[in-house]
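Student: Sending over a structure as structure tokens; questions will come in a sec.
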Amino acid sequence: MSTRDLGRVLEAIVAGVVVIDRDGIVDEINSAACRLVERSREQSVGRPIEELVSGEHALSRLGRKALERGVGFSESQQTLERRTGDDALVDVAATPLFDDKDALDGAVVVLRDRTSRNRLEQLEEEKERFDAFGRIAAGLAHEVKNPLGGIRGAGEILARRSDDPKTQEIAELVVGEATRIAGLVDDFMVFARGERLAFGVVNVHQVLDHVLELAGLDPMSSEVRIERSFDPSIPELIADRDRLVQVFLNLVRNGLQAMEGTGGTLTVKTRMALERRLVTKAGRSLPTLAVWIEDTGAGMDADELHQASTPFFTTRSGGTGLGLAVAEYWVAQHEGALTLESEKGAGSRARVALPLRRSPE
Ligand SMILES: Nc1ncnc2c1ncn2[C@@H]1O[C@H](COP(=O)(O)OP(=O)(O)OP(=O)(O)O)[C@@H](O)[C@H]1O
Ligand SMILES: [Mg+2]
């Protein structure tokens with residue numbers, strides 16, 4: 001095979017490939033590797049392998065080790081810091097090269113980008129987590145709802161039959177609380193039902209306007225400034241409108257609650273997300289829409305942020321701790337992603353990424 005053919009083969013490989021000579025100088029680099037290390041071929045060929053990445057990295061370390069020892073080495077899930085894009089996770093494998101006389105002649109280092117696969121693994125994990133909630137929810141609903149019905153009925157009878165106002169008051173409290181718990185179980189049942197989404201054509205800006213209108217009726221929004229920054233080029237998407245209303249309402253309410261009493265600004269922003277695309281189960285990327293809901297409220301520390309979307313985690317006295325878990329669930333059902341960022345004392349930002357279309361099953 002001629003050198004030109006070899007170059008074409010290298011270009012056709014999805015993985016990043018770096019060929020170094022006996023002294024660790026880059027001989028050849030394909031464009032997948034160039035993309036990963038964010039350097040051009042011209043900036044790389046003829047330079048020591050260490051210059052491809054800043055600081056210590058498995059790329060150069062394993063390349064050198066393969067040269068020294070004459071055997072292959074590999075390490076998985078190495079973080080590759082990027083100047084522009086998100087950090088990548090790569091599997092690195094270095095293999096020594098020998099000439100016709102079996103003398104060490106250089107090495108090939110292969111970089112396999114694990115980032116998108118990890119996203120799939122993450123989705124899989126999320127699904128398992130929700131399935132576990134589902135089983136708990138189904139059991140909970142069964143064990144709790146029937147006796148609750150009885151308690152509520154008994155409370156109602158007691159309230160009706162008693163002439164004593166104090167007894168009536170207590171009986172009404174029983175009824176009220178039993179009703180509240182029944183509602184909570186219903187909320188949690190979301191996970192158990194494994195409901196199918198009712199997909200339709202949805203204008204996300206109308207959904208957001210509707211949510212902000214609903215939230216505006218709440219007295220807690222009276223001191224808050226609401227800002228919209230909508231990207232008018234966003235097309236309609238295929239989604240379940242009612243579920244999206246629920247998702248955004250939960251996020252907006254959290255933002256408003258975080259600013260309650262102090263005032264602040266709630267910003268709702270939409271953009272086409274070209275920087276990072278969601279990947280379908282089949283590994284295909286989908287054009288994605290991103291919605292940010294940002295507040296300037298109390299914020300969360302790292303611990304709270306970590307736990308925020310765990311069902312029943314709440315720091316609010318009236319909270320059930322299901323708002324984020326439910327939002328996360330519906331977003332995941334849309335094959336989207338919900339991420340949270342927060343800084344204690346400064347505010348929080350939720351980002352909902354939604355594919356514009358459903359992926360074909
Ligand atoms: N925007 C935010 N700013 C600060 N803390 C937040 C924000 N969103 C969520 N949190 C924290 O995460 C917790 C869980 O939120 P989540 O919406 O799941 O439940 P909740 O708001 O407590 O109750 P509810 O079920 O009524 O929504 C909150 O109690 C709060 O501590
Ligand atoms: Mg909430």
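Letters A, B, ... go to the chains of the structure tokens in the order shown; residues in each chain start at 1; ligands are counted from 1 in the same order.
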Run DSSP on the backbone and tell me which residues of stretch 148-348 of chain A come out as strand (DSSP E); list them as number ranges by chain.
Tutor: A: 200-202, 224-229, 237-239, 264-279, 285-295, 337-343, 347-348
Student: For the contact check between chain A and ligand 2, emit one row per residue of chain A within 9 Å, containing the shortest atom pair and the distance in Å rounded to one decimal, counting only C-alpha atoms and all ligand atoms, chain then rising number order, as a tab-separated table.
Tutor:
residue	atom	partner	partner_atom_place_in_ligand_line	distance
A:Leu249	CA	ligand 2	1 (Mg)	9.0
A:Asn250	CA	ligand 2	1 (Mg)	5.5
A:Leu251	CA	ligand 2	1 (Mg)	6.8
A:Val252	CA	ligand 2	1 (Mg)	8.5
A:Arg253	CA	ligand 2	1 (Mg)	6.2
A:Asn254	CA	ligand 2	1 (Mg)	4.7
A:Gly255	CA	ligand 2	1 (Mg)	8.5
A:Gln257	CA	ligand 2	1 (Mg)	8.0
A:Thr314	CA	ligand 2	1 (Mg)	8.0
A:Arg316	CA	ligand 2	1 (Mg)	8.6
A:Gly319	CA	ligand 2	1 (Mg)	6.6
A:Thr320	CA	ligand 2	1 (Mg)	7.6
A:Gly321	CA	ligand 2	1 (Mg)	6.3
A:Leu322	CA	ligand 2	1 (Mg)	6.7
A:Gly323	CA	ligand 2	1 (Mg)	4.1
A:Leu324	CA	ligand 2	1 (Mg)	6.1
Student: Just give me the gap between atom CA of A:Gly134 and atom CA of A:Phe188 in Å, one decimal is fine.
Tutor: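 A separation of 8.2 Å between them.
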Student: Using only C-alpha atoms, determine which residues lie at most 10 Å from A:Val26, disregarding the query and same-chain residues fewer than 2 positions distant; provide the list as JSON, numbers by chain.
Tutor: {"A": [18, 19, 20, 21, 22, 23, 24, 28, 29, 41, 44, 45, 46, 47, 48, 49, 50, 51, 52, 106, 107, 108]}
Student: Rank nothing, just name the residue among A:Ala298, A:Cys34, A:Val110, A:Leu59 nearest to A:Ala15, using only C-alpha atoms.
Tutor: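 So, comparing all the options, the nearest one is A:Val110.
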Student: Can you tell me which residues come within 10 Å of ligand 1 when counting only C-alpha atoms and all ligand atoms, ideally as an NGL selection string?
Tutor: :A and (184 or 187-188 or 249-259 or 266 or 293-301 or 304-328 or 340-350)
Student: If you count only C-alpha atoms, which residues fall within 10 Å of A:Arg228, apart from same-chain ones fewer than 4 positions away, as a list in words?
Tutor: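 What passes the distance filter is His205, Leu208, Asp209, Leu212, Leu266, Thr267, Val268, Lys269, Thr270 and Ile293 of chain A.
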Student: Could you find all residues in stretch 11-68 of chain A that DSSP calls alpha helix (DSSP H) from the backbone, and write them as number ranges by chain?
Tutor: A: 11-12, 31-37, 41-44, 58-68
Student: Take the residues just selected and output them with C-alpha atoms as a PDB file, in the first residue's frame.
Tutor:
ATOM      1  CA  GLU A  11      -8.662   9.689   7.399  1.00  0.00           C
ATOM      2  CA  ALA A  12     -11.411   7.092   7.141  1.00  0.00           C
ATOM      3  CA  SER A  31      -8.097  14.559  11.315  1.00  0.00           C
ATOM      4  CA  ALA A  32     -10.033  12.802  14.100  1.00  0.00           C
ATOM      5  CA  ALA A  33      -6.949  13.167  16.311  1.00  0.00           C
ATOM      6  CA  CYS A  34      -6.504  16.778  15.174  1.00  0.00           C
ATOM      7  CA  ARG A  35     -10.086  17.522  16.234  1.00  0.00           C
ATOM      8  CA  LEU A  36      -9.587  15.905  19.617  1.00  0.00           C
ATOM      9  CA  VAL A  37      -6.353  17.706  20.459  1.00  0.00           C
ATOM     10  CA  ARG A  41      -1.804  18.587  11.081  1.00  0.00           C
ATOM     11  CA  GLU A  42       0.770  21.291  10.280  1.00  0.00           C
ATOM     12  CA  GLN A  43       1.060  22.248  13.931  1.00  0.00           C
ATOM     13  CA  SER A  44       1.590  18.633  14.909  1.00  0.00           C
ATOM     14  CA  ALA A  58      -1.843   9.309  28.682  1.00  0.00           C
ATOM     15  CA  LEU A  59      -1.444  10.156  24.986  1.00  0.00           C
ATOM     16  CA  SER A  60       2.223  11.051  25.355  1.00  0.00           C
ATOM     17  CA  ARG A  61       2.942   8.893  28.382  1.00  0.00           C
ATOM     18  CA  LEU A  62       1.706   5.667  26.754  1.00  0.00           C
ATOM     19  CA  GLY A  63       3.322   6.592  23.423  1.00  0.00           C
ATOM     20  CA  ARG A  64       6.698   6.966  25.164  1.00  0.00           C
ATOM     21  CA  LYS A  65       6.196   3.783  27.191  1.00  0.00           C
ATOM     22  CA  ALA A  66       5.450   1.779  24.040  1.00  0.00           C
ATOM     23  CA  LEU A  67       8.691   3.128  22.516  1.00  0.00           C
ATOM     24  CA  GLU A  68      10.719   2.316  25.616  1.00  0.00           C
TER      25      GLU A  68
END
Student: Which residues are near A:Glu38? Cut-off 9 Å, only C-alpha atoms, ignore same chain within fewer than 6 positions. Put them as a PyMOL selection string.
Tutor: chain A and resi 52-53+82-84
Student: With N, CA and C atoms retained, could you export that selection as a PDB file, in the first residue's frame?
Tutor:
ATOM      1  N   LEU A  52       1.259  17.830  21.789  1.00  0.00           N
ATOM      2  CA  LEU A  52      -0.123  17.726  21.312  1.00  0.00           C
ATOM      3  C   LEU A  52      -1.136  18.113  22.390  1.00  0.00           C
ATOM      4  N   VAL A  53      -0.804  17.797  23.638  1.00  0.00           N
ATOM      5  CA  VAL A  53      -1.709  18.168  24.734  1.00  0.00           C
ATOM      6  C   VAL A  53      -0.921  18.923  25.785  1.00  0.00           C
ATOM      7  N   ARG A  82     -10.090  20.491  26.700  1.00  0.00           N
ATOM      8  CA  ARG A  82     -10.173  21.181  25.417  1.00  0.00           C
ATOM      9  C   ARG A  82     -10.262  22.670  25.685  1.00  0.00           C
ATOM     10  N   ARG A  83      -9.698  23.427  24.770  1.00  0.00           N
ATOM     11  CA  ARG A  83      -9.762  24.890  24.905  1.00  0.00           C
ATOM     12  C   ARG A  83     -11.143  25.404  24.536  1.00  0.00           C
ATOM     13  N   THR A  84     -11.726  24.836  23.476  1.00  0.00           N
ATOM     14  CA  THR A  84     -13.004  25.375  23.002  1.00  0.00           C
ATOM     15  C   THR A  84     -14.179  24.495  23.392  1.00  0.00           C
TER      16      THR A  84
END
Student: Could you name the residues that touch A:Ala88 at 8 Å or less, counting only C-alpha atoms, but leaving out those on the same chain fewer than 4 positions away, as a PyMOL selection string?
Tutor: chain A and resi 36+79-82+113-115
Student: Please produce an output containing C-alpha atoms for each residue in the selection, written as a PDB file, in the first residue's frame.
Tutor:
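What ended up in selection.pdb:
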ATOM      1  CA  LEU A  36      -9.587  15.905  19.617  1.00  0.00           C
ATOM      2  CA  THR A  79     -10.001  13.232  30.345  1.00  0.00           C
ATOM      3  CA  LEU A  80      -8.748  15.379  27.521  1.00  0.00           C
ATOM      4  CA  GLU A  81      -9.017  19.065  28.323  1.00  0.00           C
ATOM      5  CA  ARG A  82     -10.173  21.181  25.417  1.00  0.00           C
ATOM      6  CA  ASP A 113     -13.671   9.312  21.933  1.00  0.00           C
ATOM      7  CA  ARG A 114     -15.884   7.909  24.652  1.00  0.00           C
ATOM      8  CA  THR A 115     -17.878  11.058  25.307  1.00  0.00           C
TER       9      THR A 115
END
Student: Need to verify the contact set: A:Gly336, 6 Å, only C-alpha atoms, exclusion of same-chain residues closer than 5 positions in sequence. Can you return it as a PyMOL selection string?
Tutor: chain A and resi 331+353-354
Student: Restricting the calculation to only C-alpha atoms, which member of A:Val90, A:Ile234, A:Gly261, A:Val247 is positioned closest to A:Leu338?
Tutor: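 Among A:Val90, A:Ile234, A:Gly261, A:Val247, it is A:Val247 that comes nearest to A:Leu338.
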Student: Rounded to one decimal, what separation in Å do you get between atom CA of A:Phe98 and atom CA of A:Asp27?
Tutor: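 Those two atoms sit 14.7 Å apart.
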Student: Could you please determine the separation between atom CA of A:Ala198 and atom CA of A:His334 in Å, to one decimal place?
Tutor: 10.6 Å
